[in-house]
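Reading through the structure tokens given below for one structure.
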Amino acid sequence: MKKSIFLVFIALFLFACKDDDKLDLPEGTPTCIRDGIKSFKRYEAFCEGFQVSSFDTQIGKIYVFPHGDCIADGGTRYLDSSCNQICNIGGWGYDCMAGFDTLVFENEEILWHN
């Protein structure tokens, strides 16, 4: 009897859990970008105005992670498909690769927002 009750509780627990990490992102979105969105969604979802966008540029796809209202002096991070930081604008500084200011950002796609 105890074993049956235990199994029922296990089954209820498993079915009650939902996958909050599931994201509806375009196919081909790099794992590191997915992980960054999941982390934000899990730990800082209370922040308003957060969205992750991608753009086509001369050097390939660029992903933009602005901090929205989360951090008053936070910057906006620009990452490539390998999650190398291309630029960080805002906060206390400006740290961008040479030639960043000449990039043309086209075809914005909003990947996720809260």
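In the structure tokens, chains take letters A, B, ... by order of appearance, with residues numbered from 1 within each chain and ligands from 1 in the order shown.
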- [ ] Show which residues sit within 10 Å of Leu79 (chain A), as a count of residues only. Count only C-alpha atoms, and ignore same-chain residues fewer than 3 positions away.
- [x] 16
Task: region 89-94 of chain A environment, 10 Å, only C-alpha atoms, sequence neighbours closer than 3 positions dropped, as a PyMOL selection string - done: chain A and resi 66-67+71-78+97
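Distances to His113 (chain A) were evaluated for A:Gly60, A:Gly28, A:Gly36, A:Gly49 using only C-alpha atoms, and the minimum falls at A:Gly49.
From CA of Ile37 (chain A) back to CA of Ile59 (chain A), the distance works out to 22.5 Å.
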- [ ] Within 7 Å of Phe105 (chain A), counting only C-alpha atoms, which residues show up once you throw out same-chain ones fewer than 4 positions away? Write them as number ranges by chain, please.
- [x] A: 55-57
Any chance you can output those residues with C-alpha atoms as a compact mmCIF listing (two decimals), in the first residue's frame?
```
# COMPACT_ATOMS: atom_id res chain seq x y z
CA PHE A 55 20.03 41.00 -37.09
CA ASP A 56 21.80 40.18 -40.32
CA THR A 57 25.02 42.15 -40.80
```
Open item on the list: Measuring between only C-alpha atoms, which one of A:Ser39, A:Glu109, A:Leu103, A:Asn114 shows the shortest distance to Leu25 (chain A)?
Closed with: A:Glu109
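Restricting the calculation to only C-alpha atoms, the smallest distance between Ile110 (chain A) and any of A:Thr31, A:Ser53, A:Gln58, A:Ser81 is found for A:Ser53.
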